[in-house]
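Student: The structure under discussion is supplied below as structure tokens; questions concerning it will follow.
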Amino acid sequence: MPLRAKVASSVSRTAAALSRAAGRGDGSVIGGWIGLKIDPDLLAHLSAGRAIALVSGTNGKTTTTRLTSAAVGVLGRVATNSFGANMPSGHTSALAKAGSTPYAVLEVDEHYLAQVLEATEPHVVALLNLSRDQLDRAKEVAMMAQLWRAALVRHTDVRVVANADDPLVVWAATPPGDPARGINPPHVTWFSAGQRWHDDSWVCPECGSTIQRSGEQWWCTGCPLRRPEPHWVVEDEGVLDPTGAWHKVSLQLPGKVNLGNAATALAVAAEFGVRPVDAVSRLGIVTSVAGRYAQVDKDGRNIRLLLAKNPASWLEAFDMADEAPTLLSINARDPDGLDTSWLYDVDFAPLRGRQVLITGDRAYDLAVRLDVNDVPFQHVRTFDDALRSVPPGRLEVIANYTAFQDIRGELDRVI
Ligand SMILES: [Zn+2]
């Protein structure tokens with residue numbers, strides 16, 4: 001590395017360490033920010049010589065990044081931004097802290113994908129999904145797909161691993177201008193991870209016609225855009241690889257959505273030459289990811305934490321949660337987005353018949369929504385009140401970002 005980059009990298013590590021020592025978080029944002037101030041090309045310098053995978057999408061990227069790191073770890077040491085600091089400052093800090101590693105797997109905020117592609121020149125990019133998120137500040141989803149597509153057109157040498165079940169992702173991963181529309185471009189490997197949420201992809205991003213669905217298939221009624229044949233598929237409790245071999249996947253993470261994340265991780269690792277048969281057992285070592293899916297026993301209750309940040313992830317959480325008493329907690333602080341109107345995009349009907357408790361800064365917004373949705377509920381002021389209100393046994397907790405962190409805090413950060 002050039003001298004300036006070495007100094008910037010060293011200062012970045014020191015700043016992150018100071019921040020940790022001062023109890024101000026893990027320091028990955030401030031350290032990277034200072035490093036980039038000293039050398040704006042620091043991320044590119046730190047990326048040089050590493051084989052890198054980027055993981056982006058609205059939902060599932062933290063978990064998929066963790067699973068992919070575990071899978072690529074078959075080959076050697078892997079640098080990763082495991083605390084979810086997913087902007088360039090976080091990537092810079094993660095690479096500076098890791099020192100020299102042959103591999104890196106980086107979670108990337110979907111807004112920053114173009115910039116991080118440019119800086120890191122990755123070997124492979126995984127595109128998971130696109131759906132509405134944080135209405136007051138995130139880009140509209142079709143616009144995000146357009147940005148992804150424009151970025152990938154500038155990097156045709158990058159291998160793409162993309163979700164065949166999400167029309168916006170398929171369109172973003174498919175080069176424009178080809179009359180046949182090249183639904184199976186040679187540099188793209190498709191996986192099928194399922195898509196429970198369809199409300200951002202009824203309209204074709206290419207031509208504006210309606211998208212129709214039947215079972216797992218989807219197609220545009222006005223142009224050739226349709227679901228490509230996936231190479232990697234979730235089947236039963238395992239994953240089918242492109243050769244047709246089936247691998248049993250035993251995860252410590254719940255739900256079909258995480259089997260999809262596992263399929264993605266195996267597909268990305270395969271781009272580095274990792275055989276699924278070698279990687280699959282390593283996926284089982286991933287337990288909770290930054291507290292998500294963590295289980296804690298307290299006062300005879302087995303509490304499980306599910307993070308749900310936007311409508312698509314709420315639907316996935318309902319699918320993962322057992323038929324047990326369920327606490328919902330909603331805040332609308334800065335990291336959550338200030339607008340709670342997304343509550344009306346979520347159908348809470350799957351909760352009917354369960355004991356539902358609500359809490360959080362914006363519990364009353366949730367109360368109105370549940371009332372309209374005909375879901376009975378009880379309001380509790382604190383997490384401890386919730387614990388006292390449910391019988392011994394499982395308590396599912398579904399919370400958005402800062403509400404989740406608050407509850408983690410009440411559980412003494414045991415997770
Ligand atoms: Zn179309």
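Going through the structure tokens in order, the chains are called A, B, and so on, while each chain numbers its residues from 1 and the ligands are numbered from 1 in the order shown.
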Find the residues near ligand 1. Use a cut-off of 7 Å, count only C-alpha atoms and all ligand atoms, and write them as a VMD selection string.

Tutor: chain A and resid 204 to 209 220 to 225

Student: Please produce a file of the residues just selected, as a tab-separated table (two decimals), in the first residue's frame, where the atoms kept are N, CA and C atoms.

Tutor:
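again07.tsv, written as the output of this step:
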```
chain	number	residue	atom	x	y	z
A	204	CYS	N	-43.88	-4.25	-14.45
A	204	CYS	CA	-42.58	-4.58	-15.06
A	204	CYS	C	-41.68	-3.34	-15.08
A	205	PRO	N	-40.46	-3.45	-14.54
A	205	PRO	CA	-39.54	-2.29	-14.56
A	205	PRO	C	-39.06	-1.96	-15.98
A	206	GLU	N	-39.20	-2.90	-16.90
A	206	GLU	CA	-38.74	-2.67	-18.27
A	206	GLU	C	-39.78	-1.92	-19.10
A	207	CYS	N	-41.03	-2.40	-19.07
A	207	CYS	CA	-42.01	-1.86	-20.01
A	207	CYS	C	-43.28	-1.33	-19.34
A	208	GLY	N	-43.43	-1.51	-18.04
A	208	GLY	CA	-44.60	-0.97	-17.35
A	208	GLY	C	-45.84	-1.83	-17.43
A	209	SER	N	-45.75	-2.99	-18.10
A	209	SER	CA	-46.92	-3.88	-18.15
A	209	SER	C	-47.06	-4.63	-16.82
A	220	CYS	N	-43.65	-11.11	-17.38
A	220	CYS	CA	-44.24	-9.85	-17.80
A	220	CYS	C	-45.21	-10.13	-18.94
A	221	THR	N	-46.37	-9.45	-18.92
A	221	THR	CA	-47.36	-9.66	-19.97
A	221	THR	C	-47.08	-8.82	-21.21
A	222	GLY	N	-46.03	-7.95	-21.13
A	222	GLY	CA	-45.78	-7.06	-22.27
A	222	GLY	C	-44.40	-7.16	-22.89
A	223	CYS	N	-43.48	-7.91	-22.26
A	223	CYS	CA	-42.12	-8.02	-22.81
A	223	CYS	C	-41.53	-9.36	-22.35
A	224	PRO	N	-40.33	-9.72	-22.84
A	224	PRO	CA	-39.82	-11.07	-22.52
A	224	PRO	C	-39.32	-11.25	-21.08
A	225	LEU	N	-39.36	-10.21	-20.25
A	225	LEU	CA	-38.85	-10.38	-18.88
A	225	LEU	C	-39.67	-11.44	-18.15
```

Student: Excluding Val249 of chain A and its own-chain neighbours fewer than 4 positions away, which residues fall within 8 Å of it when counting only C-alpha atoms? Please give them as an mmCIF file with N, CA, C and O atoms, in the first residue's frame.

Tutor:
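Written file, part.cif:
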```cif
data_model
loop_
_atom_site.group_PDB
_atom_site.id
_atom_site.type_symbol
_atom_site.label_atom_id
_atom_site.label_comp_id
_atom_site.auth_asym_id
_atom_site.auth_seq_id
_atom_site.Cartn_x
_atom_site.Cartn_y
_atom_site.Cartn_z
ATOM 1 N N GLU A 237 -35.543 -29.442 3.374
ATOM 2 C CA GLU A 237 -34.655 -28.800 4.357
ATOM 3 C C GLU A 237 -33.235 -28.690 3.808
ATOM 4 O O GLU A 237 -32.256 -28.842 4.562
ATOM 5 N N GLY A 238 -33.102 -28.471 2.536
ATOM 6 C CA GLY A 238 -31.762 -28.411 1.950
ATOM 7 C C GLY A 238 -31.733 -27.590 0.678
ATOM 8 O O GLY A 238 -32.685 -26.865 0.362
ATOM 9 N N VAL A 239 -30.633 -27.704 -0.037
ATOM 10 C CA VAL A 239 -30.390 -26.887 -1.230
ATOM 11 C C VAL A 239 -29.932 -27.787 -2.377
ATOM 12 O O VAL A 239 -29.055 -28.634 -2.197
ATOM 13 N N LEU A 259 -33.147 -20.531 4.942
ATOM 14 C CA LEU A 259 -32.691 -21.557 3.991
ATOM 15 C C LEU A 259 -32.338 -20.889 2.656
ATOM 16 O O LEU A 259 -31.363 -21.259 2.000
ATOM 17 N N ALA A 262 -29.078 -19.343 3.035
ATOM 18 C CA ALA A 262 -28.036 -20.375 2.983
ATOM 19 C C ALA A 262 -27.736 -20.757 1.532
ATOM 20 O O ALA A 262 -26.568 -20.921 1.145
ATOM 21 N N VAL A 280 -21.292 -26.710 3.488
ATOM 22 C CA VAL A 280 -22.638 -26.771 4.065
ATOM 23 C C VAL A 280 -22.606 -26.976 5.583
ATOM 24 O O VAL A 280 -23.406 -26.375 6.310
ATOM 25 N N SER A 281 -21.655 -27.747 6.087
ATOM 26 C CA SER A 281 -21.636 -27.985 7.531
ATOM 27 C C SER A 281 -21.236 -26.720 8.293
ATOM 28 O O SER A 281 -21.614 -26.531 9.446
ATOM 29 N N LEU A 283 -22.272 -23.763 7.729
ATOM 30 C CA LEU A 283 -23.410 -22.840 7.881
ATOM 31 C C LEU A 283 -24.077 -23.028 9.243
ATOM 32 O O LEU A 283 -24.655 -22.089 9.789
ATOM 33 N N GLY A 284 -23.975 -24.231 9.778
ATOM 34 C CA GLY A 284 -24.613 -24.530 11.064
ATOM 35 C C GLY A 284 -23.932 -23.874 12.252
ATOM 36 O O GLY A 284 -24.474 -23.864 13.354
#
```

Student: If you run DSSP over the backbone, which residues in segment 198-359 of chain A end up strand (DSSP E or B)? Put them as a ChimeraX atom specification.

Tutor: /A:203,210-214,217-220,226,232-235,238-240,246-248,289,292,295-298,301-307,326-329,356-359

Student: In segment 125-284 of chain A, what's helix (DSSP H, G or I) per DSSP? Answer as a VMD selection string?

Tutor: chain A and resid 141 to 153 167 to 173 256 to 271 276 to 283

Student: Find the spatial neighbours of segment 252-255 of chain A, counting only C-alpha atoms, within a cut-off of 10 Å - ignore same-chain residues fewer than 5 positions away - and output them as a PyMOL selection string.

Tutor: chain A and resi 63+260+262+283-289+292-294+306+316-321

Student: Just to be explicit: take each residue in the selection above, keep all heavy atoms, and write the result as a tab-separated table (two decimals), in the first residue's frame.

Tutor:
```
chain	number	residue	atom	x	y	z
A	63	THR	N	-27.50	-11.40	7.70
A	63	THR	CA	-27.45	-12.84	7.91
A	63	THR	C	-26.75	-13.54	6.75
A	63	THR	O	-25.92	-14.44	6.96
A	63	THR	CB	-28.89	-13.39	8.06
A	63	THR	OG1	-29.54	-12.66	9.09
A	63	THR	CG2	-28.87	-14.86	8.42
A	260	GLY	N	-33.13	-19.90	2.27
A	260	GLY	CA	-32.83	-19.13	1.06
A	260	GLY	C	-31.51	-18.38	1.20
A	260	GLY	O	-30.70	-18.34	0.27
A	262	ALA	N	-29.08	-19.34	3.04
A	262	ALA	CA	-28.04	-20.38	2.98
A	262	ALA	C	-27.74	-20.76	1.53
A	262	ALA	O	-26.57	-20.92	1.15
A	262	ALA	CB	-28.48	-21.61	3.78
A	283	LEU	N	-22.27	-23.76	7.73
A	283	LEU	CA	-23.41	-22.84	7.88
A	283	LEU	C	-24.08	-23.03	9.24
A	283	LEU	O	-24.65	-22.09	9.79
A	283	LEU	CB	-24.43	-23.06	6.76
A	283	LEU	CG	-23.88	-22.90	5.34
A	283	LEU	CD1	-24.99	-23.14	4.32
A	283	LEU	CD2	-23.27	-21.51	5.14
A	284	GLY	N	-23.97	-24.23	9.78
A	284	GLY	CA	-24.61	-24.53	11.06
A	284	GLY	C	-23.93	-23.87	12.25
A	284	GLY	O	-24.47	-23.86	13.35
A	285	ILE	N	-22.73	-23.31	12.05
A	285	ILE	CA	-22.06	-22.66	13.19
A	285	ILE	C	-22.60	-21.25	13.42
A	285	ILE	O	-22.35	-20.64	14.45
A	285	ILE	CB	-20.51	-22.58	13.00
A	285	ILE	CG1	-20.16	-21.73	11.77
A	285	ILE	CG2	-19.90	-23.97	12.89
A	285	ILE	CD1	-18.66	-21.55	11.57
A	286	VAL	N	-23.35	-20.72	12.45
A	286	VAL	CA	-23.88	-19.36	12.62
A	286	VAL	C	-25.11	-19.42	13.52
A	286	VAL	O	-26.09	-20.09	13.19
A	286	VAL	CB	-24.24	-18.73	11.25
A	286	VAL	CG1	-24.84	-17.35	11.45
A	286	VAL	CG2	-23.01	-18.66	10.36
A	287	THR	N	-25.03	-18.75	14.66
A	287	THR	CA	-26.18	-18.73	15.57
A	287	THR	C	-26.90	-17.41	15.40
A	287	THR	O	-27.37	-17.12	14.32
A	287	THR	CB	-25.72	-18.95	17.03
A	287	THR	OG1	-24.71	-18.00	17.31
A	287	THR	CG2	-25.16	-20.35	17.21
A	288	SER	N	-27.04	-16.63	16.44
A	288	SER	CA	-27.73	-15.36	16.25
A	288	SER	C	-26.79	-14.39	15.56
A	288	SER	O	-25.57	-14.50	15.66
A	288	SER	CB	-28.20	-14.80	17.58
A	288	SER	OG	-27.13	-14.22	18.26
A	289	VAL	N	-27.37	-13.45	14.84
A	289	VAL	CA	-26.58	-12.46	14.11
A	289	VAL	C	-26.94	-11.11	14.70
A	289	VAL	O	-28.04	-10.62	14.51
A	289	VAL	CB	-26.92	-12.52	12.60
A	289	VAL	CG1	-26.11	-11.49	11.84
A	289	VAL	CG2	-26.69	-13.91	12.06
A	292	ARG	N	-30.16	-11.03	16.40
A	292	ARG	CA	-31.34	-11.49	15.66
A	292	ARG	C	-31.47	-13.00	15.81
A	292	ARG	O	-30.47	-13.71	15.69
A	292	ARG	CB	-31.21	-11.16	14.18
A	292	ARG	CG	-31.12	-9.68	13.97
A	292	ARG	CD	-30.49	-9.37	12.66
A	292	ARG	NE	-29.93	-8.02	12.74
A	292	ARG	CZ	-29.66	-7.26	11.71
A	292	ARG	NH1	-29.89	-7.69	10.50
A	292	ARG	NH2	-29.16	-6.07	11.87
A	293	TYR	N	-32.65	-13.46	16.06
A	293	TYR	CA	-32.98	-14.88	16.25
A	293	TYR	C	-32.47	-15.40	17.60
A	293	TYR	O	-32.58	-16.58	17.87
A	293	TYR	CB	-32.41	-15.77	15.14
A	293	TYR	CG	-32.61	-15.24	13.75
A	293	TYR	CD1	-31.53	-14.89	12.97
A	293	TYR	CD2	-33.89	-15.09	13.23
A	293	TYR	CE1	-31.71	-14.39	11.68
A	293	TYR	CE2	-34.08	-14.60	11.96
A	293	TYR	CZ	-32.99	-14.25	11.19
A	293	TYR	OH	-33.17	-13.75	9.93
A	294	ALA	N	-31.88	-14.53	18.42
A	294	ALA	CA	-31.34	-15.01	19.69
A	294	ALA	C	-32.46	-15.51	20.58
A	294	ALA	O	-33.59	-15.01	20.53
A	294	ALA	CB	-30.60	-13.88	20.40
A	306	LEU	N	-36.91	-11.45	17.02
A	306	LEU	CA	-36.94	-11.36	15.56
A	306	LEU	C	-36.95	-9.88	15.18
A	306	LEU	O	-37.77	-9.12	15.68
A	306	LEU	CB	-38.19	-12.05	15.01
A	306	LEU	CG	-38.32	-13.55	15.32
A	306	LEU	CD1	-39.72	-14.06	14.96
A	306	LEU	CD2	-37.26	-14.36	14.57
A	316	GLU	N	-42.02	-12.06	6.72
A	316	GLU	CA	-41.10	-13.17	6.99
A	316	GLU	C	-41.11	-13.52	8.48
A	316	GLU	O	-41.05	-14.70	8.85
A	316	GLU	CB	-39.67	-12.82	6.55
A	316	GLU	CG	-39.51	-12.48	5.08
A	316	GLU	CD	-39.71	-13.68	4.15
A	316	GLU	OE1	-39.95	-14.78	4.65
A	316	GLU	OE2	-39.62	-13.48	2.92
A	317	ALA	N	-41.17	-12.50	9.33
A	317	ALA	CA	-41.15	-12.74	10.78
A	317	ALA	C	-42.39	-13.52	11.22
A	317	ALA	O	-42.31	-14.43	12.05
A	317	ALA	CB	-41.05	-11.42	11.55
A	318	PHE	N	-43.57	-13.16	10.67
A	318	PHE	CA	-44.79	-13.91	11.02
A	318	PHE	C	-44.64	-15.37	10.63
A	318	PHE	O	-45.12	-16.27	11.32
A	318	PHE	CB	-46.02	-13.33	10.30
A	318	PHE	CG	-46.37	-11.93	10.73
A	318	PHE	CD1	-47.10	-11.11	9.89
A	318	PHE	CD2	-45.98	-11.44	11.96
A	318	PHE	CE1	-47.43	-9.81	10.27
A	318	PHE	CE2	-46.30	-10.15	12.35
A	318	PHE	CZ	-47.02	-9.34	11.50
A	319	ASP	N	-43.96	-15.61	9.52
A	319	ASP	CA	-43.75	-16.98	9.05
A	319	ASP	C	-42.82	-17.74	9.99
A	319	ASP	O	-43.00	-18.94	10.23
A	319	ASP	CB	-43.16	-16.93	7.64
A	319	ASP	CG	-43.00	-18.32	7.06
A	319	ASP	OD1	-44.01	-19.05	7.04
A	319	ASP	OD2	-41.89	-18.68	6.63
A	320	MET	N	-41.80	-17.05	10.52
A	320	MET	CA	-40.83	-17.70	11.39
A	320	MET	C	-41.36	-17.94	12.80
A	320	MET	O	-40.96	-18.89	13.47
A	320	MET	CB	-39.57	-16.83	11.51
A	320	MET	CG	-38.64	-16.92	10.34
A	320	MET	SD	-37.20	-15.90	10.69
A	320	MET	CE	-37.27	-14.78	9.34
A	321	ALA	N	-42.22	-17.02	13.27
A	321	ALA	CA	-42.67	-17.09	14.66
A	321	ALA	C	-43.55	-18.31	14.90
A	321	ALA	O	-44.36	-18.67	14.04
A	321	ALA	CB	-43.44	-15.81	15.01
```

Student: Considering only C-alpha atoms, state which residue in the set A:Pro228, A:Gly35, A:Pro186, A:Pro102 is at the smallest distance from Gly76 of chain A.

Tutor: A:Pro102

Student: Which residues are near segment 386-400 of chain A? Cut-off 6 Å, only C-alpha atoms, ignore same chain within fewer than 3 positions. Put them as a count of residues only.

Tutor: 20
